[in-house]
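**Q** So here's target-v7.csv, just CSV, C-alpha atoms:
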chain,number,residue,atom,x,y,z
H,168,LEU,CA,9.1,-14.6,-0.4
H,169,PRO,CA,11.0,-17.4,1.4
H,170,ALA,CA,12.7,-16.2,4.6
H,171,ASN,CA,16.2,-17.0,3.5
H,172,ALA,CA,15.8,-14.5,0.6
H,173,ILE,CA,15.4,-11.6,3.1
H,174,GLU,CA,18.4,-10.1,4.8
H,175,LYS,CA,16.6,-7.7,7.1
H,176,VAL,CA,13.4,-5.7,7.6
H,177,GLU,CA,13.7,-2.1,8.6
H,178,LEU,CA,10.8,-0.3,10.4
H,179,ILE,CA,11.0,3.5,9.7
H,180,TYR,CA,8.5,5.0,12.0
H,181,ASN,CA,8.9,8.7,11.0
H,182,PRO,CA,10.4,8.7,7.4
H,183,GLY,CA,12.3,11.8,6.4
H,184,ALA,CA,12.3,14.1,3.4
H,185,SER,CA,13.8,11.5,1.1
H,186,PHE,CA,10.6,9.5,1.2
H,187,ASP,CA,7.4,10.3,-0.6
H,188,ALA,CA,5.2,12.7,1.4
H,189,ASN,CA,2.3,10.3,0.7
H,190,SER,CA,3.9,7.6,2.8
H,191,SER,CA,1.7,8.6,5.8
H,192,GLY,CA,3.3,7.7,9.1
H,193,SER,CA,5.6,4.7,8.6
H,194,VAL,CA,7.6,2.8,6.0
H,195,ILE,CA,8.5,-0.9,6.0
H,196,ASN,CA,11.7,-1.5,4.1
H,197,ILE,CA,12.4,-5.1,3.1
H,198,VAL,CA,16.0,-5.6,2.1
H,199,THR,CA,16.6,-8.8,0.2
H,200,SER,CA,19.8,-10.7,0.4
H,201,SER,CA,22.6,-9.6,-1.9
H,202,LYS,CA,25.3,-12.1,-1.0
H,203,ARG,CA,27.1,-13.4,-4.0
H,204,MET,CA,29.6,-16.3,-4.1
H,205,LYS,CA,31.8,-17.4,-6.9
H,206,GLY,CA,30.3,-19.9,-9.4
H,207,ILE,CA,26.7,-20.8,-9.5
H,208,ASN,CA,24.9,-21.5,-6.2
H,209,ALA,CA,21.4,-22.9,-5.6
H,210,SER,CA,19.0,-23.2,-2.8
H,211,PHE,CA,15.6,-25.1,-2.9
H,212,ASN,CA,13.0,-25.6,-0.2
H,213,ILE,CA,9.4,-26.5,0.0
H,214,ASN,CA,6.7,-25.7,2.6
H,215,TYR,CA,3.5,-27.7,2.8
H,216,ASN,CA,0.7,-27.3,5.3
H,217,PHE,CA,-1.4,-30.4,5.9
H,218,ASN,CA,-4.8,-29.3,7.1
H,219,LYS,CA,-8.4,-28.7,5.8
H,220,TYR,CA,-7.1,-26.1,3.4
H,221,GLN,CA,-3.8,-26.7,1.6
H,222,LYS,CA,-0.8,-24.3,1.4
H,223,PRO,CA,2.2,-25.4,-0.6
H,224,SER,CA,4.9,-22.9,-1.5
H,225,PRO,CA,8.1,-24.2,-3.2
H,226,PRO,CA,10.8,-21.6,-4.1
H,227,ILE,CA,14.2,-22.0,-5.7
H,228,LEU,CA,17.0,-19.4,-5.5
H,229,LEU,CA,20.1,-19.2,-7.8
H,230,ASN,CA,23.0,-16.8,-7.6
H,231,ALA,CA,26.3,-16.4,-9.2
H,232,LYS,CA,29.3,-14.2,-9.4
H,233,GLU,CA,32.0,-13.9,-12.1
H,234,LYS,CA,34.5,-11.1,-12.2
H,235,ASP,CA,32.6,-7.8,-12.4
H,236,TRP,CA,29.2,-9.3,-12.9
H,237,SER,CA,26.9,-11.0,-10.4
H,238,TRP,CA,23.2,-12.0,-10.5
H,239,GLN,CA,20.5,-13.6,-8.4
H,240,THR,CA,17.2,-15.1,-9.4
H,241,MET,CA,14.3,-16.6,-7.6
H,242,LEU,CA,11.4,-18.7,-8.8
H,243,GLY,CA,8.5,-19.7,-6.6
H,244,TYR,CA,4.8,-20.8,-6.5
H,245,ASN,CA,2.2,-20.2,-3.8
H,246,TYR,CA,-1.1,-22.1,-3.5
H,247,ILE,CA,-3.4,-21.1,-0.6
H,248,ASP,CA,-6.9,-22.2,0.2
H,249,SER,CA,-8.9,-20.3,2.9
H,250,GLU,CA,-12.4,-19.4,4.0
H,251,GLN,CA,-13.9,-16.3,5.4
H,252,LYS,CA,-17.2,-15.7,7.2
H,253,THR,CA,-18.6,-12.3,7.9
H,254,SER,CA,-21.8,-11.1,9.6
H,255,ASN,CA,-23.2,-7.6,9.7
H,256,VAL,CA,-26.3,-6.4,11.7
H,257,GLN,CA,-27.7,-2.9,11.2
H,258,GLU,CA,-30.5,-1.2,13.2
H,259,PHE,CA,-32.5,1.6,11.6
H,260,THR,CA,-33.9,3.7,14.4
H,261,ALA,CA,-35.8,6.1,12.2
H,262,PHE,CA,-38.5,3.4,11.9
H,263,ASN,CA,-41.1,2.6,14.5
H,264,PRO,CA,-40.7,-0.1,15.5
H,265,ILE,CA,-36.9,-0.3,14.9
H,266,GLN,CA,-36.0,-2.4,11.9
H,267,LYS,CA,-33.0,-4.7,11.5
H,268,LEU,CA,-31.0,-5.8,8.5
H,269,ILE,CA,-28.9,-8.9,8.9
H,270,GLN,CA,-26.3,-9.7,6.3
H,271,GLU,CA,-24.1,-12.8,6.2
H,272,ASN,CA,-21.4,-14.0,3.8
H,273,PHE,CA,-19.4,-17.2,3.5
H,274,THR,CA,-16.6,-17.3,1.0
H,275,VAL,CA,-14.1,-20.0,0.1
H,276,ASN,CA,-10.9,-18.5,-1.6
H,277,THR,CA,-8.3,-20.1,-3.7
H,278,ASN,CA,-5.2,-18.0,-4.3
H,279,ARG,CA,-2.5,-19.1,-6.7
H,280,ASN,CA,0.5,-17.1,-7.8
H,281,LEU,CA,3.8,-17.7,-9.6
H,282,TYR,CA,6.6,-15.2,-9.0
H,283,PHE,CA,9.9,-14.6,-10.6
H,284,ARG,CA,12.6,-12.2,-9.5
H,285,LEU,CA,15.9,-11.3,-11.2
H,286,GLY,CA,18.6,-9.0,-10.0
H,287,THR,CA,21.9,-8.2,-11.6
H,288,ASN,CA,24.9,-6.0,-10.6
H,289,TYR,CA,27.6,-5.0,-13.1
H,290,LYS,CA,30.7,-3.2,-11.9
H,291,LEU,CA,31.4,-0.6,-14.5
H,292,THR,CA,34.4,0.9,-12.8
H,293,GLY,CA,36.0,0.8,-9.4
H,294,LYS,CA,33.5,3.5,-8.3
H,295,SER,CA,30.3,2.8,-10.2
H,296,ASN,CA,27.8,0.0,-10.6
H,297,LEU,CA,24.8,-0.6,-12.8
H,298,LEU,CA,21.9,-2.6,-11.2
H,299,PHE,CA,19.0,-4.2,-13.0
H,300,ASN,CA,16.0,-5.7,-11.3
H,301,TYR,CA,12.9,-7.4,-12.5
H,302,ASN,CA,10.0,-8.7,-10.4
H,303,GLY,CA,7.2,-10.7,-12.1
H,304,ASN,CA,4.0,-12.0,-10.5
H,305,TYR,CA,1.2,-14.0,-12.2
H,306,ALA,CA,-1.9,-14.8,-10.2
H,307,ASN,CA,-5.0,-16.8,-10.8
H,308,ASP,CA,-7.5,-16.5,-7.9
H,309,ARG,CA,-11.1,-17.8,-7.4
H,310,SER,CA,-13.8,-17.1,-4.7
H,311,VAL,CA,-17.0,-18.9,-4.3
H,312,PHE,CA,-19.5,-17.2,-2.0
H,313,ASP,CA,-23.0,-17.6,-0.5
H,314,ALA,CA,-24.7,-14.5,0.9
H,315,THR,CA,-27.9,-13.8,2.7
H,316,THR,CA,-29.8,-10.5,3.5
H,317,ILE,CA,-32.7,-10.8,6.0
H,318,GLY,CA,-34.9,-8.0,7.3
H,319,ASP,CA,-38.5,-6.9,7.6
H,320,ASP,CA,-40.0,-7.9,4.3
H,321,ILE,CA,-36.6,-8.9,3.0
H,322,ASP,CA,-35.3,-12.4,2.5
H,323,TYR,CA,-32.6,-12.5,-0.1
H,324,PHE,CA,-30.1,-15.2,-1.0
H,325,ASN,CA,-27.2,-14.6,-3.3
H,326,GLN,CA,-24.5,-17.0,-4.5
H,327,GLY,CA,-21.8,-16.7,-7.1
H,328,THR,CA,-18.2,-17.0,-8.2
H,329,THR,CA,-15.4,-14.5,-8.8
H,330,LYS,CA,-12.4,-15.4,-10.9
H,331,THR,CA,-9.4,-13.0,-11.1
H,332,LYS,CA,-6.3,-13.2,-13.2
H,333,ASN,CA,-3.6,-10.6,-12.9
H,334,ASN,CA,-0.1,-9.9,-14.0
H,335,ASN,CA,2.4,-7.6,-12.3
H,336,HIS,CA,5.7,-6.5,-13.8
H,337,GLU,CA,8.3,-4.3,-12.0
H,338,ILE,CA,11.4,-3.2,-13.8
H,339,SER,CA,14.1,-0.9,-12.4
H,340,LEU,CA,17.5,0.2,-13.6
H,341,GLN,CA,19.8,2.0,-11.2
H,342,TYR,CA,23.2,3.7,-11.6
H,343,LYS,CA,25.3,4.1,-8.5
H,344,THR,CA,28.6,6.0,-8.4
H,345,LYS,CA,31.1,7.4,-6.0
H,346,LEU,CA,32.1,10.8,-7.2
H,347,ASP,CA,35.3,11.1,-5.2
H,348,THR,CA,37.2,9.7,-2.3
H,349,LEU,CA,35.4,12.1,0.1
H,350,GLY,CA,32.3,9.9,0.0
H,351,ARG,CA,30.1,12.0,-2.4
H,352,THR,CA,27.7,9.6,-4.2
H,353,LEU,CA,25.0,9.9,-6.9
H,354,ASP,CA,22.2,7.4,-7.5
H,355,ILE,CA,19.9,7.5,-10.5
H,356,THR,CA,16.9,5.2,-10.7
H,357,ALA,CA,14.4,4.5,-13.5
H,358,PHE,CA,11.4,2.4,-12.5
H,359,SER,CA,8.3,1.1,-14.2
H,360,ASN,CA,5.4,-1.0,-12.9
H,361,LEU,CA,2.8,-2.6,-15.3
H,362,PHE,CA,-0.2,-4.2,-13.7
H,363,ASP,CA,-3.4,-5.6,-15.1
H,364,LYS,CA,-6.2,-7.7,-13.8
H,365,LYS,CA,-9.4,-9.2,-15.2
H,366,PRO,CA,-12.0,-10.1,-12.5
H,367,ILE,CA,-15.1,-11.9,-13.7
H,368,THR,CA,-18.1,-12.3,-11.3
H,369,GLU,CA,-21.2,-14.4,-11.9
H,370,SER,CA,-23.9,-13.9,-9.3
H,371,ASN,CA,-27.3,-15.4,-9.0
H,372,ALA,CA,-29.9,-14.2,-6.5
H,373,ILE,CA,-33.3,-15.4,-5.2
H,374,ASP,CA,-35.8,-13.2,-3.5
H,375,LYS,CA,-37.6,-15.8,-1.3
H,376,ILE,CA,-40.6,-13.5,-0.6
H,377,ASP,CA,-41.8,-13.2,-4.1
H,378,ASN,CA,-39.8,-16.2,-5.5
H,379,SER,CA,-38.2,-14.0,-8.2
H,380,ASN,CA,-34.7,-14.8,-9.6
H,381,SER,CA,-32.1,-12.2,-10.8
H,382,PHE,CA,-28.5,-12.3,-11.9
H,383,ALA,CA,-25.6,-9.8,-12.0
H,384,ASN,CA,-22.5,-10.6,-14.0
H,385,THR,CA,-19.5,-8.4,-14.1
H,386,ASP,CA,-16.5,-8.3,-16.4
H,387,LEU,CA,-13.7,-5.9,-15.7
H,388,ASN,CA,-10.5,-5.0,-17.5
H,389,PHE,CA,-8.1,-3.0,-15.3
H,390,ASP,CA,-4.7,-1.7,-16.4
H,391,LEU,CA,-2.2,0.4,-14.3
H,392,LYS,CA,1.0,1.9,-15.5
H,393,ASN,CA,3.4,3.6,-13.1
H,394,TYR,CA,6.8,5.2,-14.1
H,395,TYR,CA,9.3,7.3,-12.2
H,396,LEU,CA,12.8,8.7,-12.6
H,397,LYS,CA,14.6,9.9,-9.5
H,398,TYR,CA,18.1,10.9,-8.3
H,399,ASP,CA,19.7,11.0,-4.9
H,400,PHE,CA,22.9,13.0,-4.2
H,401,ALA,CA,24.9,12.6,-0.9
H,402,ILE,CA,27.5,15.1,0.2
H,403,PRO,CA,29.3,14.2,3.4
H,404,PHE,CA,31.7,16.5,5.3
H,405,HIS,CA,33.5,14.1,7.5
H,406,LYS,CA,35.7,16.6,9.4
H,407,LEU,CA,32.5,18.5,10.5
H,408,ASP,CA,30.4,15.3,11.2
H,409,PHE,CA,27.9,16.9,8.8
H,410,SER,CA,26.2,15.6,5.6
H,411,ILE,CA,23.7,16.9,3.1
H,412,ASN,CA,21.4,14.7,1.0
H,413,THR,CA,19.3,16.0,-1.8
H,414,GLY,CA,17.3,14.6,-4.7
H,415,GLY,CA,14.3,14.7,-7.0
H,416,LYS,CA,11.6,12.5,-8.4
H,417,PHE,CA,9.1,12.7,-11.3
H,418,ASN,CA,6.3,10.1,-11.1
H,419,VAL,CA,3.5,9.3,-13.6
H,420,LEU,CA,0.6,7.1,-12.9
H,421,GLU,CA,-2.1,6.0,-15.5
H,422,VAL,CA,-5.1,3.9,-14.8
H,423,ASN,CA,-7.8,2.6,-17.1
H,424,ASP,CA,-10.7,0.5,-15.9
H,425,ILE,CA,-13.5,-0.7,-18.1
H,426,GLY,CA,-16.4,-2.4,-16.4
H,427,ASN,CA,-19.2,-4.3,-18.2
H,428,TYR,CA,-22.3,-5.1,-16.1
H,429,TYR,CA,-25.0,-7.5,-17.2
H,430,THR,CA,-28.2,-7.9,-15.2
H,431,ASN,CA,-31.6,-9.2,-16.0
H,432,SER,CA,-32.8,-5.6,-16.1
H,433,ALA,CA,-30.0,-3.7,-17.9
H,434,THR,CA,-26.5,-3.8,-19.5
H,435,ASN,CA,-24.1,-1.0,-18.6
H,436,THR,CA,-20.5,-0.2,-19.4
H,437,ILE,CA,-18.4,2.2,-17.3
H,438,ASP,CA,-15.1,3.5,-18.7
H,439,PHE,CA,-12.8,5.1,-16.1
H,440,ASP,CA,-9.5,6.9,-17.0
H,441,TYR,CA,-7.2,8.4,-14.4
H,442,SER,CA,-3.8,10.1,-14.7
H,443,GLU,CA,-1.6,11.8,-12.1
H,444,ASN,CA,1.9,13.2,-12.1
H,445,ASN,CA,4.0,14.3,-9.2
H,446,LEU,CA,7.2,16.3,-9.2
H,447,ALA,CA,9.2,16.4,-6.0
H,448,PHE,CA,12.5,17.7,-4.7
H,449,TYR,CA,14.1,17.3,-1.2
H,450,ALA,CA,17.0,18.4,0.9
H,451,GLU,CA,18.0,16.9,4.2
H,452,ALA,CA,20.9,17.8,6.5
H,453,ARG,CA,22.5,15.7,9.3
H,454,LYS,CA,24.9,16.9,12.0
H,455,LYS,CA,26.5,15.1,14.9
H,456,ILE,CA,27.5,17.1,18.1
H,457,LYS,CA,29.1,14.8,20.7
H,458,LYS,CA,26.3,12.5,21.8
H,459,PHE,CA,23.6,14.3,19.8
H,460,ASN,CA,22.5,13.5,16.2
H,461,PHE,CA,20.3,16.1,14.5
H,462,THR,CA,18.4,15.8,11.2
H,463,ALA,CA,16.4,18.5,9.4
H,464,GLY,CA,14.8,18.2,6.0
H,465,LEU,CA,12.3,19.8,3.6
H,466,ARG,CA,10.4,18.2,0.7
H,467,PHE,CA,8.5,20.0,-2.1
H,468,GLU,CA,5.8,18.2,-4.0
H,469,ASP,CA,3.6,19.3,-6.9
H,470,TYR,CA,0.8,16.9,-7.6
H,471,HIS,CA,-1.7,16.9,-10.5
H,472,VAL,CA,-4.7,14.6,-11.1
H,473,GLU,CA,-7.2,14.3,-14.0
H,474,ARG,CA,-10.1,11.9,-13.9
H,475,ILE,CA,-12.4,11.1,-16.9
H,476,THR,CA,-15.4,8.7,-17.0
H,477,ASN,CA,-18.4,8.3,-19.2
H,478,THR,CA,-20.6,8.6,-16.2
H,479,LEU,CA,-19.8,12.4,-16.0
H,480,THR,CA,-19.8,14.9,-18.8
H,481,GLU,CA,-16.8,16.9,-17.7
H,482,PRO,CA,-13.4,15.7,-16.6
H,483,ILE,CA,-12.4,16.3,-13.0
H,484,LYS,CA,-9.0,18.0,-12.3
H,485,PHE,CA,-7.3,19.0,-9.1
H,486,LYS,CA,-3.7,19.8,-8.0
H,487,ASN,CA,-1.8,20.1,-4.7
H,488,THR,CA,1.5,22.0,-4.2
H,489,ASN,CA,3.0,21.7,-0.7
H,490,LEU,CA,6.1,21.8,1.5
H,491,PHE,CA,6.7,19.0,4.0
H,492,PRO,CA,9.2,19.6,6.8
H,493,ASN,CA,10.8,17.0,9.1
H,494,ALA,CA,13.2,17.2,12.0
H,495,SER,CA,14.6,14.7,14.5
H,496,ALA,CA,17.2,14.5,17.4
H,497,ILE,CA,18.8,11.5,19.0
H,498,TYR,CA,20.8,11.5,22.2
H,499,GLU,CA,23.1,8.6,22.9
H,500,VAL,CA,22.9,8.0,26.7
H,501,ASN,CA,25.3,5.1,26.4
H,502,ASP,CA,26.1,2.3,24.0
H,503,ASN,CA,22.8,0.6,24.7
H,504,VAL,CA,20.3,3.4,25.4
H,505,ASN,CA,19.1,6.1,23.0
H,506,ILE,CA,16.5,8.9,23.5
H,507,SER,CA,15.0,10.4,20.3
H,508,ALA,CA,12.3,12.9,19.3
H,509,SER,CA,11.1,13.6,15.8
H,510,TYR,CA,8.5,15.4,13.7
H,511,SER,CA,7.3,15.1,10.2
H,512,LYS,CA,4.4,16.3,8.0
H,513,LYS,CA,2.9,13.9,5.5
H,514,ILE,CA,-0.2,13.8,3.3
H,515,ASN,CA,-2.8,11.2,2.2
H,516,GLN,CA,-3.6,12.0,-1.4
H,517,PRO,CA,-6.9,10.7,-2.8
H,518,ASN,CA,-6.2,7.3,-4.3
H,519,TYR,CA,-7.6,6.3,-7.7
H,520,ASN,CA,-9.6,3.6,-5.8
H,521,ASN,CA,-11.6,6.4,-4.2
H,522,LEU,CA,-12.6,7.7,-7.6
H,523,ASP,CA,-13.1,4.5,-9.6
H,524,PRO,CA,-16.8,3.7,-10.1
H,525,ASN,CA,-15.8,0.1,-11.0
H,526,ASN,CA,-14.1,-0.4,-7.6
H,527,GLY,CA,-16.7,-3.0,-6.4
H,528,SER,CA,-16.9,-6.0,-8.7
H,529,ALA,CA,-19.4,-7.9,-6.6
H,530,PHE,CA,-22.6,-6.0,-5.6
H,531,ASP,CA,-26.3,-6.5,-5.2
H,532,GLN,CA,-29.3,-4.3,-4.9
H,533,TYR,CA,-28.6,-3.6,-1.2
H,534,ASN,CA,-24.9,-2.8,-1.5
H,535,THR,CA,-23.4,0.1,-3.5
H,536,SER,CA,-20.5,2.4,-3.0
H,537,GLN,CA,-19.3,5.6,-4.8
H,538,GLY,CA,-16.1,7.6,-4.1
H,539,ASN,CA,-16.4,11.3,-3.3
H,540,LEU,CA,-14.6,13.1,-6.1
H,541,PHE,CA,-14.2,16.3,-4.1
H,542,LEU,CA,-12.6,15.1,-0.9
H,543,ASP,CA,-9.7,17.2,0.3
H,544,PRO,CA,-6.5,15.3,1.1
H,545,THR,CA,-5.7,14.4,4.8
H,546,TYR,CA,-2.6,16.1,6.3
H,547,LEU,CA,-0.7,14.3,9.0
H,548,ASN,CA,1.5,15.8,11.6
H,549,ASN,CA,3.5,13.0,13.2
H,550,TYR,CA,5.3,13.5,16.5
H,551,GLU,CA,7.3,10.9,18.3
H,552,PHE,CA,9.3,10.6,21.5
H,553,LYS,CA,11.1,7.3,22.1
H,554,ILE,CA,13.5,5.6,24.4
H,555,THR,CA,15.3,2.6,23.0
H,556,ALA,CA,17.3,0.1,25.0
H,557,MET,CA,19.4,-2.8,23.7
H,558,GLN,CA,18.2,-2.0,20.1
H,559,PHE,CA,14.9,-4.0,20.7
H,560,VAL,CA,13.1,-2.5,23.7
H,561,GLN,CA,11.4,0.8,23.1
Rewrite the structure of this file - the entire thing - as structure tokens.
**A**
Amino acid sequence: LPANAIEKVELIYNPGASFDANSSGSVINIVTSSKRMKGINASFNINYNFNKYQKPSPPILLNAKEKDWSWQTMLGYNYIDSEQKTSNVQEFTAFNPIQKLIQENFTVNTNRNLYFRLGTNYKLTGKSNLLFNYNGNYANDRSVFDATTIGDDIDYFNQGTTKTKNNNHEISLQYKTKLDTLGRTLDITAFSNLFDKKPITESNAIDKIDNSNSFANTDLNFDLKNYYLKYDFAIPFHKLDFSINTGGKFNVLEVNDIGNYYTNSATNTIDFDYSENNLAFYAEARKKIKKFNFTAGLRFEDYHVERITNTLTEPIKFKNTNLFPNASAIYEVNDNVNISASYSKKINQPNYNNLDPNNGSAFDQYNTSQGNLFLDPTYLNNYEFKITAMQFVQ
């Protein structure tokens, strides 16, 4: 995104109960500009890097405001060329003498994407607003690689091309209302994310020891659908310097990934289906006592996963139901110095990437990977003590 489309970036180091428990340790919140002026206003700029690899990125922004309705749209294009060189040396000490395996890879990448963002805000009444947002991204990427694998009795050269086209659509509809003059508010958000990609890899290899040729072509068709409905309810008590926030969320994620693999020895198809749903509720209270600000919250999450693939006869199912507490305290020493301490419990749920046998679209006879279907999730207990001065030194 162009910099003038971003109003601010918030770094939330220890997110509270209103954030998903699967957010690990920190959250980066990018707040885009919402300024609206009467009439139609436009901004256009272009960035172009003149070097060995080109990098043009021209965006255009339009916004307008008319009575109770305002909107903003953004259209842009990115074209980036880059290269990457990796080298990996392994020693196998079980052999006598010790054997080495040296792998090197050089890749030239071309990344192209067109993005379109639309945001509208309609004022239904003096206290309520209806917001609609759409983000679209269309990418067409290409990678050309040369790889070598050298070891005792191994001299292997591999070259190929990977082409990937993907489309990403995010749609959200949000209803915001002030329930009364006391500051009680209700937000209801419906969100959907539709993503698909089609990577195609053509790889040709030469074994220089026996002069044999081989090829490995891969054709994947990946689809992801993510939906959630959530609400957030804020209840302030101004006379007591006290507030309560509560809310809930129901999230559904569905993934389908079909991989077709063609080699000179076999043709295989792997069909992977993954579904998860997550029901969550939270409550968080805030209290101010003189120079102290206290926060305490609790989040409940019920998480279900089902994984089906034609490589296994039985589907794999697992579920997690947990409570995630958080607490924090801030002491305002003066207008410029704060001292804070906080605690939160989070979780790293197994991601569908860990379970998808089609996860690696470029592989050869010396490189394979397979996710462990029975790994337990990782629980994180985050503690923080911080002194902040002048709002930027900490």
**Q** Interatomic distance between atom CA of H:Gly286 and atom CA of H:Ile213?
**A** 22.2 Å
**Q** Tell me, in Å to one decimal, how far atom CA of H:Leu298 is from atom CA of H:Tyr395.
**A**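 Distance between the two atoms: 16.1 Å.
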**Q** What gap, in Å, lies between atom CA of H:Pro226 and atom CA of H:Ala306?
**A**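 Interatomic distance here is 15.6 Å.
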**Q** Which residue, H:Tyr305, H:Phe409, H:Phe459, H:Phe358, has the smallest gap to H:Asn280 when you use only C-alpha atoms?
**A**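 Smallest separation from H:Asn280 among the options: H:Tyr305.
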**Q** Pick the closest to H:Ile437 from H:Glu473, H:Asn525, H:Glu337, H:Phe461: which is it, counting only C-alpha atoms?
**A** H:Asn525
**Q** Compile the contact shell of H:Tyr342 as a PyMOL selection string: residues with an atom at most 12 Å away, counting only C-alpha atoms, same-chain residues fewer than 5 positions apart removed.
**A** chain H and resi 287-292+294-300+352-358+396-400
**Q** Pick out the residues sitting within 12 Å of H:Ser370, and hand them over as a PyMOL selection string; count only C-alpha atoms, and ignore anything fewer than 3 positions along from it in its own chain.
**A** chain H and resi 310-314+324-330+367+373+380-386+428-431+528-532
**Q** Find, counting all atoms listed in the file, the residue in H:Thr316, H:Asn388, H:Ser511, H:Asn378 that gets nearest to H:Val422.
**A**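 Closest to H:Val422 of all the choices is H:Asn388.
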